[in-house]
Amino acid sequence: MSSDELLEFRTSVRALLGKHATPAALREAMDTDLGYDPKLWRMLCEQVGVAALAVPEQWGGAGAGLVESLMVVGELGRTLSGVPMLGSAVLGVQAVLLADDEQSCARLLPDLADGSRTAALCWAGADGWDSTGVGVSDGKLSGAAYYVLHGAQADLLLVLTDDGLFETTADAPGVTVTATPALDPTRTLATITFTDAPATRIGTGEPAVLRRRLREIAWAAMAAEQVGAARRCLEMTVEYTASRVQFGRPIGSFQALKHRMADMYVLVESADSAAQAAAKAVAENSPSAAEDAWVARKHCTEAFTTVAAETIQLHGGIAITWEHDAHLYFKRAHATAELFGTGRRPVAA
């Protein structure tokens with residue numbers, strides 16, 4: 001998409017989310033087993049086509065790209081919506097595409113593109129994303145994958161191992177799915193255990209390359225989400241300080257608070273620049289992709305954590321009540337700081 005088309009598309013996504021992904025709807029979805037609003041997901045897929053963005057047209061997609069998909073992830077970050085965009089339409093779709101297996105693409109991607117099926121990428125071991133938790137022997141999977149996004153809701157499981165990418169289902173023999181309590185109540189995680197579970201390998205590419213590319217995409221996606229959420233925190237803070245009156249004047253008029261909000265603004269804008277650079281570099285698989293993704297991951301994490309903490313402070317006592325949304329953004333900030341790990345800075349070739 002051109003810059004103007006991308007801006008128009010983002011406006012459409014934001015308008016739909018503004019109408020249907022309200023704070024009340026978010027809290028209602030948090031209390032369900034699914035963890036998100038299935039009606040919202042259907043609307044996003046059917047009316048806007050978000051799940052199809054990065055899927056090539058030959059397999060039922062829109063043929064747009066990863067930049068457009070990460071823009072949607074950012075907009076979902078603004079509302080903390082827990083729909084399976086990141087886990088299924090970004091990581092799941094990209095895993096299948098990167099495996100470079102046309103038969104698997106033709107079989108799996110059309111359903112992922114229209115949102116009728118969701119995938120979960122099983123990756124992290126007990127110590128995190130630097131190592132895989134599942135191994136393969138004689139075509140059967142054994143081990144456990146931790147912190148799986150929407151793992152308890154997806155039926156298609158894409159399992160990343162040291163031997164490559166494998167496909168199975170949640171109801172396959174030997175597969176046990178356990179929902180995992182999370183710090184962030186707006187996002188569902190699961191632990192998935194495999195005990196000699198039958199699986200099918202997807203593609204024959206180099207596993208290390210697949211893992212590296214997926215790590216870069218995951219970091220770029222996290223950066224986009226963190227920027228969206230941080231920007232919403234800034235907006236909430238500006239709105240509150242403009243309406244909260246103390247000593248006969250809005251507290252936002254006090255110089256000390258102006259300075260703090262100006263610092264928040266600088267953090268959000270710089271993080272936005274880093275996230276956009278990472279999205280472009282990762283989408284193009286440029287030589288700087290690993291570096292750009294790592295920098296965006298680090299800076300956007302620090303920016304969101306700082307902005308979320310300032311939001312709590314500048315909202316005063318109301319921010320720590322369950323009824324206010326500030327604490328949800330604060331928890332999302334700390335949860336995303338750990339999701340997909342931080343890794344070491346890539347070494348230039």
# chains A, B, ... in the order shown; residues from 1 in each chain; ligands from 1

call {"tool": "residues_around", "arguments": {"residues": "A:Leu97", "least_positions_apart": "2", "cutoff": "10 Å", "atoms": "only C-alpha atoms", "output": "ChimeraX atom specification"}}
result
/A:54-56,91-95,99-102,104-105,109,202-203

call {"tool": "closest_atom_pairs", "arguments": {"of": "stretch 181-270 of chain A", "to": "stretch 127-146 of chain A", "cutoff": "10 Å", "atoms": "only C-alpha atoms", "output": "JSON lines"}}
result
{"residue": "A:Leu189", "atom": "CA", "partner": "A:Tyr146", "partner_atom": "CA", "distance": 8.2}
{"residue": "A:Ala190", "atom": "CA", "partner": "A:Tyr146", "partner_atom": "CA", "distance": 6.6}
{"residue": "A:Thr191", "atom": "CA", "partner": "A:Tyr146", "partner_atom": "CA", "distance": 4.6}
{"residue": "A:Ile192", "atom": "CA", "partner": "A:Ala145", "partner_atom": "CA", "distance": 5.3}
{"residue": "A:Thr193", "atom": "CA", "partner": "A:Ala144", "partner_atom": "CA", "distance": 4.2}
{"residue": "A:Phe194", "atom": "CA", "partner": "A:Ser142", "partner_atom": "CA", "distance": 4.6}
{"residue": "A:Thr195", "atom": "CA", "partner": "A:Ser142", "partner_atom": "CA", "distance": 4.7}
{"residue": "A:Asp196", "atom": "CA", "partner": "A:Lys140", "partner_atom": "CA", "distance": 5.0}
{"residue": "A:Ala197", "atom": "CA", "partner": "A:Leu141", "partner_atom": "CA", "distance": 4.9}
{"residue": "A:Pro198", "atom": "CA", "partner": "A:Lys140", "partner_atom": "CA", "distance": 4.6}
{"residue": "A:Ala199", "atom": "CA", "partner": "A:Lys140", "partner_atom": "CA", "distance": 5.8}
{"residue": "A:Thr200", "atom": "CA", "partner": "A:Gly139", "partner_atom": "CA", "distance": 7.0}
{"residue": "A:Arg201", "atom": "CA", "partner": "A:Gly139", "partner_atom": "CA", "distance": 7.8}
{"residue": "A:Arg211", "atom": "CA", "partner": "A:Asp130", "partner_atom": "CA", "distance": 9.4}
{"residue": "A:Arg215", "atom": "CA", "partner": "A:Trp129", "partner_atom": "CA", "distance": 8.5}

call {"tool": "closest_atom_pairs", "arguments": {"of": "stretch 149-263 of chain A", "to": "stretch 269-288 of chain A", "cutoff": "7 Å", "atoms": "only C-alpha atoms", "output": "CSV"}}
result
residue,atom,partner,partner_atom,distance
A:Glu216,CA,A:Val282,CA,6.7
A:Ile217,CA,A:Val282,CA,6.4
A:Ala220,CA,A:Ala279,CA,5.6
A:Ala223,CA,A:Ala275,CA,5.3
A:Ala224,CA,A:Ala275,CA,5.5
A:Val227,CA,A:Asp272,CA,5.8

call {"tool": "write_last_selection", "arguments": {"atoms": "all heavy atoms", "output": "short mmCIF file (atom, residue, chain, number, x, y, z; two decimals), in the first residue's frame"}}
result
data_model
loop_
_atom_site.label_atom_id
_atom_site.label_comp_id
_atom_site.auth_asym_id
_atom_site.auth_seq_id
_atom_site.Cartn_x
_atom_site.Cartn_y
_atom_site.Cartn_z
N GLU A 216 12.63 -11.98 14.61
CA GLU A 216 12.62 -10.61 14.13
C GLU A 216 11.19 -10.11 13.95
O GLU A 216 10.85 -8.98 14.32
CB GLU A 216 13.38 -10.52 12.80
CG GLU A 216 14.87 -10.77 12.92
CD GLU A 216 15.55 -10.95 11.58
OE1 GLU A 216 14.85 -10.85 10.54
OE2 GLU A 216 16.77 -11.21 11.55
N ILE A 217 10.33 -10.96 13.36
CA ILE A 217 8.93 -10.58 13.14
C ILE A 217 8.21 -10.38 14.47
O ILE A 217 7.45 -9.42 14.64
CB ILE A 217 8.22 -11.65 12.29
CG1 ILE A 217 8.79 -11.64 10.86
CG2 ILE A 217 6.71 -11.42 12.25
CD1 ILE A 217 8.38 -12.82 10.03
N ALA A 220 9.33 -7.07 15.97
CA ALA A 220 8.73 -5.94 15.25
C ALA A 220 7.25 -5.81 15.59
O ALA A 220 6.73 -4.69 15.73
CB ALA A 220 8.92 -6.11 13.74
N ALA A 223 6.88 -4.32 19.05
CA ALA A 223 7.16 -2.89 19.01
C ALA A 223 5.94 -2.12 18.51
O ALA A 223 5.56 -1.09 19.08
CB ALA A 223 8.37 -2.60 18.12
N ALA A 224 5.31 -2.62 17.46
CA ALA A 224 4.12 -1.96 16.92
C ALA A 224 3.00 -1.92 17.95
O ALA A 224 2.33 -0.89 18.14
CB ALA A 224 3.65 -2.69 15.65
N VAL A 227 3.79 0.58 20.82
CA VAL A 227 3.60 1.98 20.43
C VAL A 227 2.13 2.35 20.44
O VAL A 227 1.74 3.41 20.94
CB VAL A 227 4.20 2.23 19.03
CG1 VAL A 227 3.76 3.59 18.49
CG2 VAL A 227 5.72 2.17 19.09
#

call {"tool": "atom_distance", "arguments": {"atom1": "atom CA of A:Pro110", "atom2": "atom CA of A:Gln58"}}
result
9.1 Å

call {"tool": "select_by_dssp", "arguments": {"residues": "stretch 2-197 of chain A", "states": "strand (DSSP E or B)", "output": "VMD selection string"}}
result
chain A and resid 119 to 122 124 to 125 128 to 132 134 to 137 140 to 149 156 to 161 164 to 169 175 to 180 189 to 197

call {"tool": "select_by_dssp", "arguments": {"residues": "stretch 45-154 of chain A", "states": "alpha helix (DSSP H)", "output": "ChimeraX atom specification"}}
result
/A:66-79,93-99,102-113

call {"tool": "residues_around", "arguments": {"residues": "A:Ala262", "least_positions_apart": "6", "cutoff": "12 Å", "atoms": "only C-alpha atoms", "output": "MDAnalysis selection string"}}
result
chainID A and resid 234:235 237:238 252 255:256 268:269 307 310

call {"tool": "write_last_selection", "arguments": {"atoms": "all heavy atoms", "output": "PDB file, in the first residue's frame"}}
result
ATOM      1  N   LEU A 234      -0.831   7.995  26.535  1.00  0.00           N
ATOM      2  CA  LEU A 234      -0.573   9.431  26.465  1.00  0.00           C
ATOM      3  C   LEU A 234      -1.877  10.197  26.256  1.00  0.00           C
ATOM      4  O   LEU A 234      -2.125  11.216  26.924  1.00  0.00           O
ATOM      5  CB  LEU A 234       0.403   9.724  25.334  1.00  0.00           C
ATOM      6  CG  LEU A 234       0.675  11.202  25.023  1.00  0.00           C
ATOM      7  CD1 LEU A 234       1.246  11.926  26.232  1.00  0.00           C
ATOM      8  CD2 LEU A 234       1.616  11.324  23.824  1.00  0.00           C
ATOM      9  N   GLU A 235      -2.709   9.719  25.349  1.00  0.00           N
ATOM     10  CA  GLU A 235      -3.989  10.385  25.080  1.00  0.00           C
ATOM     11  C   GLU A 235      -4.868  10.403  26.329  1.00  0.00           C
ATOM     12  O   GLU A 235      -5.486  11.430  26.650  1.00  0.00           O
ATOM     13  CB  GLU A 235      -4.709   9.674  23.932  1.00  0.00           C
ATOM     14  CG  GLU A 235      -4.014   9.806  22.581  1.00  0.00           C
ATOM     15  CD  GLU A 235      -4.591   8.891  21.532  1.00  0.00           C
ATOM     16  OE1 GLU A 235      -5.455   8.050  21.871  1.00  0.00           O
ATOM     17  OE2 GLU A 235      -4.183   8.991  20.358  1.00  0.00           O
ATOM     18  N   THR A 237      -3.922  10.315  29.396  1.00  0.00           N
ATOM     19  CA  THR A 237      -3.331  11.199  30.394  1.00  0.00           C
ATOM     20  C   THR A 237      -3.609  12.661  30.080  1.00  0.00           C
ATOM     21  O   THR A 237      -3.957  13.458  30.963  1.00  0.00           O
ATOM     22  CB  THR A 237      -1.816  10.954  30.483  1.00  0.00           C
ATOM     23  OG1 THR A 237      -1.582   9.564  30.772  1.00  0.00           O
ATOM     24  CG2 THR A 237      -1.193  11.806  31.569  1.00  0.00           C
ATOM     25  N   VAL A 238      -3.452  13.023  28.805  1.00  0.00           N
ATOM     26  CA  VAL A 238      -3.741  14.401  28.400  1.00  0.00           C
ATOM     27  C   VAL A 238      -5.205  14.740  28.646  1.00  0.00           C
ATOM     28  O   VAL A 238      -5.543  15.820  29.146  1.00  0.00           O
ATOM     29  CB  VAL A 238      -3.360  14.621  26.920  1.00  0.00           C
ATOM     30  CG1 VAL A 238      -3.846  15.990  26.432  1.00  0.00           C
ATOM     31  CG2 VAL A 238      -1.855  14.499  26.735  1.00  0.00           C
ATOM     32  N   GLY A 252      -3.446  19.829  34.285  1.00  0.00           N
ATOM     33  CA  GLY A 252      -2.606  19.826  33.096  1.00  0.00           C
ATOM     34  C   GLY A 252      -1.986  21.175  32.787  1.00  0.00           C
ATOM     35  O   GLY A 252      -1.085  21.267  31.948  1.00  0.00           O
ATOM     36  N   GLN A 255       3.090  23.560  35.193  1.00  0.00           N
ATOM     37  CA  GLN A 255       4.293  23.395  34.383  1.00  0.00           C
ATOM     38  C   GLN A 255       4.951  22.034  34.589  1.00  0.00           C
ATOM     39  O   GLN A 255       5.427  21.405  33.643  1.00  0.00           O
ATOM     40  CB  GLN A 255       5.290  24.512  34.715  1.00  0.00           C
ATOM     41  CG  GLN A 255       6.422  24.649  33.715  1.00  0.00           C
ATOM     42  CD  GLN A 255       5.964  25.224  32.382  1.00  0.00           C
ATOM     43  OE1 GLN A 255       4.861  25.733  32.276  1.00  0.00           O
ATOM     44  NE2 GLN A 255       6.810  25.126  31.376  1.00  0.00           N
ATOM     45  N   ALA A 256       5.002  21.560  35.816  1.00  0.00           N
ATOM     46  CA  ALA A 256       5.665  20.286  36.095  1.00  0.00           C
ATOM     47  C   ALA A 256       4.997  19.132  35.347  1.00  0.00           C
ATOM     48  O   ALA A 256       5.682  18.243  34.817  1.00  0.00           O
ATOM     49  CB  ALA A 256       5.651  20.015  37.597  1.00  0.00           C
ATOM     50  N   VAL A 268       6.958   8.393  22.939  1.00  0.00           N
ATOM     51  CA  VAL A 268       6.025   7.737  22.025  1.00  0.00           C
ATOM     52  C   VAL A 268       6.427   7.971  20.570  1.00  0.00           C
ATOM     53  O   VAL A 268       6.431   7.047  19.752  1.00  0.00           O
ATOM     54  CB  VAL A 268       4.580   8.234  22.276  1.00  0.00           C
ATOM     55  CG1 VAL A 268       3.639   7.714  21.180  1.00  0.00           C
ATOM     56  CG2 VAL A 268       4.088   7.771  23.647  1.00  0.00           C
ATOM     57  N   GLU A 269       6.777   9.201  20.239  1.00  0.00           N
ATOM     58  CA  GLU A 269       7.137   9.512  18.852  1.00  0.00           C
ATOM     59  C   GLU A 269       8.426   8.811  18.428  1.00  0.00           C
ATOM     60  O   GLU A 269       8.526   8.300  17.304  1.00  0.00           O
ATOM     61  CB  GLU A 269       7.282  11.024  18.674  1.00  0.00           C
ATOM     62  CG  GLU A 269       5.964  11.782  18.752  1.00  0.00           C
ATOM     63  CD  GLU A 269       4.974  11.326  17.687  1.00  0.00           C
ATOM     64  OE1 GLU A 269       5.375  11.200  16.513  1.00  0.00           O
ATOM     65  OE2 GLU A 269       3.805  11.098  18.040  1.00  0.00           O
ATOM     66  N   VAL A 307       5.948   5.184  29.885  1.00  0.00           N
ATOM     67  CA  VAL A 307       4.707   5.930  29.648  1.00  0.00           C
ATOM     68  C   VAL A 307       3.560   5.347  30.479  1.00  0.00           C
ATOM     69  O   VAL A 307       2.744   6.099  31.038  1.00  0.00           O
ATOM     70  CB  VAL A 307       4.357   5.930  28.149  1.00  0.00           C
ATOM     71  CG1 VAL A 307       2.948   6.464  27.912  1.00  0.00           C
ATOM     72  CG2 VAL A 307       5.375   6.771  27.377  1.00  0.00           C
ATOM     73  N   GLU A 310       4.000   6.522  34.013  1.00  0.00           N
ATOM     74  CA  GLU A 310       3.625   7.926  34.137  1.00  0.00           C
ATOM     75  C   GLU A 310       2.106   8.093  34.081  1.00  0.00           C
ATOM     76  O   GLU A 310       1.540   8.965  34.759  1.00  0.00           O
ATOM     77  CB  GLU A 310       4.284   8.741  33.020  1.00  0.00           C
ATOM     78  CG  GLU A 310       5.755   9.029  33.247  1.00  0.00           C
ATOM     79  CD  GLU A 310       5.953  10.024  34.386  1.00  0.00           C
ATOM     80  OE1 GLU A 310       5.936   9.591  35.562  1.00  0.00           O
ATOM     81  OE2 GLU A 310       6.110  11.228  34.112  1.00  0.00           O
TER      82      GLU A 310
END

call {"tool": "closest_residue", "arguments": {"among": "A:Leu112, A:Val13, A:Ala21, A:Val83", "to": "A:Trp59", "atoms": "only C-alpha atoms"}}
result
A:Leu112

call {"tool": "atom_distance", "arguments": {"atom1": "atom CA of A:Leu7", "atom2": "atom CA of A:Arg78"}}
result
15.9 Å

call {"tool": "closest_residue", "arguments": {"among": "A:Glu75, A:Glu5, A:Glu167, A:Glu28", "to": "A:Ala120", "atoms": "only C-alpha atoms"}}
result
A:Glu167

call {"tool": "residues_around", "arguments": {"residues": "A:Arg187", "least_positions_apart": "6", "cutoff": "9 Å", "atoms": "only C-alpha atoms", "output": "mmCIF file with all heavy atoms, in the first residue's frame"}}
result
data_model
loop_
_atom_site.group_PDB
_atom_site.id
_atom_site.type_symbol
_atom_site.label_atom_id
_atom_site.label_comp_id
_atom_site.auth_asym_id
_atom_site.auth_seq_id
_atom_site.Cartn_x
_atom_site.Cartn_y
_atom_site.Cartn_z
ATOM 1 N N MET A 30 -12.691 -10.435 28.684
ATOM 2 C CA MET A 30 -11.690 -10.946 29.617
ATOM 3 C C MET A 30 -12.250 -12.047 30.511
ATOM 4 O O MET A 30 -11.502 -12.935 30.953
ATOM 5 C CB MET A 30 -11.169 -9.798 30.498
ATOM 6 C CG MET A 30 -10.175 -8.890 29.819
ATOM 7 S SD MET A 30 -9.925 -7.326 30.716
ATOM 8 C CE MET A 30 -9.813 -7.874 32.420
ATOM 9 N N GLY A 35 -11.447 -15.452 25.806
ATOM 10 C CA GLY A 35 -10.524 -14.365 26.090
ATOM 11 C C GLY A 35 -10.614 -13.183 25.146
ATOM 12 O O GLY A 35 -9.923 -12.183 25.331
ATOM 13 N N TYR A 36 -11.421 -13.295 24.127
ATOM 14 C CA TYR A 36 -11.626 -12.188 23.194
ATOM 15 C C TYR A 36 -13.034 -12.272 22.627
ATOM 16 O O TYR A 36 -13.738 -13.281 22.797
ATOM 17 C CB TYR A 36 -10.584 -12.191 22.069
ATOM 18 C CG TYR A 36 -10.642 -13.402 21.146
ATOM 19 C CD1 TYR A 36 -11.439 -13.404 20.008
ATOM 20 C CD2 TYR A 36 -9.877 -14.534 21.398
ATOM 21 C CE1 TYR A 36 -11.492 -14.495 19.160
ATOM 22 C CE2 TYR A 36 -9.911 -15.636 20.560
ATOM 23 C CZ TYR A 36 -10.722 -15.612 19.439
ATOM 24 O OH TYR A 36 -10.766 -16.700 18.608
ATOM 25 N N LEU A 80 -6.096 -2.745 23.513
ATOM 26 C CA LEU A 80 -5.766 -3.959 24.271
ATOM 27 C C LEU A 80 -6.619 -5.149 23.844
ATOM 28 O O LEU A 80 -6.786 -6.112 24.604
ATOM 29 C CB LEU A 80 -5.930 -3.732 25.782
ATOM 30 C CG LEU A 80 -5.101 -2.622 26.410
ATOM 31 C CD1 LEU A 80 -5.348 -2.580 27.917
ATOM 32 C CD2 LEU A 80 -3.623 -2.781 26.115
ATOM 33 N N SER A 81 -7.147 -5.093 22.646
ATOM 34 C CA SER A 81 -8.003 -6.180 22.173
ATOM 35 C C SER A 81 -7.225 -7.480 22.075
ATOM 36 O O SER A 81 -6.099 -7.506 21.569
ATOM 37 C CB SER A 81 -8.595 -5.822 20.807
ATOM 38 O OG SER A 81 -9.410 -6.862 20.331
ATOM 39 N N GLY A 82 -7.829 -8.563 22.545
ATOM 40 C CA GLY A 82 -7.136 -9.854 22.595
ATOM 41 C C GLY A 82 -7.420 -10.772 21.427
ATOM 42 O O GLY A 82 -7.179 -11.984 21.532
ATOM 43 N N VAL A 83 -7.935 -10.256 20.310
ATOM 44 C CA VAL A 83 -8.218 -11.119 19.152
ATOM 45 C C VAL A 83 -6.918 -11.742 18.656
ATOM 46 O O VAL A 83 -5.827 -11.189 18.861
ATOM 47 C CB VAL A 83 -8.911 -10.324 18.026
ATOM 48 C CG1 VAL A 83 -10.263 -9.810 18.480
ATOM 49 C CG2 VAL A 83 -8.032 -9.188 17.526
ATOM 50 N N LEU A 149 0.562 -18.055 22.600
ATOM 51 C CA LEU A 149 -0.543 -17.104 22.410
ATOM 52 C C LEU A 149 -1.770 -17.824 21.872
ATOM 53 O O LEU A 149 -1.701 -18.519 20.857
ATOM 54 C CB LEU A 149 -0.133 -16.012 21.420
ATOM 55 C CG LEU A 149 0.977 -15.056 21.841
ATOM 56 C CD1 LEU A 149 1.241 -14.059 20.731
ATOM 57 C CD2 LEU A 149 0.591 -14.326 23.112
ATOM 58 N N HIS A 150 -2.900 -17.666 22.564
ATOM 59 C CA HIS A 150 -4.166 -18.288 22.171
ATOM 60 C C HIS A 150 -4.032 -19.798 21.975
ATOM 61 O O HIS A 150 -4.732 -20.395 21.170
ATOM 62 C CB HIS A 150 -4.720 -17.636 20.902
ATOM 63 C CG HIS A 150 -5.112 -16.209 21.090
ATOM 64 N ND1 HIS A 150 -6.165 -15.823 21.878
ATOM 65 C CD2 HIS A 150 -4.566 -15.070 20.603
ATOM 66 C CE1 HIS A 150 -6.261 -14.504 21.876
ATOM 67 N NE2 HIS A 150 -5.302 -14.019 21.121
ATOM 68 N N ARG A 332 -0.104 -4.711 30.666
ATOM 69 C CA ARG A 332 0.299 -5.060 29.303
ATOM 70 C C ARG A 332 1.755 -4.647 29.057
ATOM 71 O O ARG A 332 2.514 -5.372 28.412
ATOM 72 C CB ARG A 332 -0.640 -4.395 28.300
ATOM 73 C CG ARG A 332 -0.234 -4.536 26.822
ATOM 74 C CD ARG A 332 -0.309 -5.962 26.307
ATOM 75 N NE ARG A 332 -1.657 -6.485 26.222
ATOM 76 C CZ ARG A 332 -2.436 -6.430 25.147
ATOM 77 N NH1 ARG A 332 -1.992 -5.822 24.054
ATOM 78 N NH2 ARG A 332 -3.641 -6.963 25.155
#

call {"tool": "closest_residue", "arguments": {"among": "A:Ala154, A:Ala124, A:Ala333, A:Met261", "to": "A:Ala303", "atoms": "only C-alpha atoms"}}
result
A:Ala333
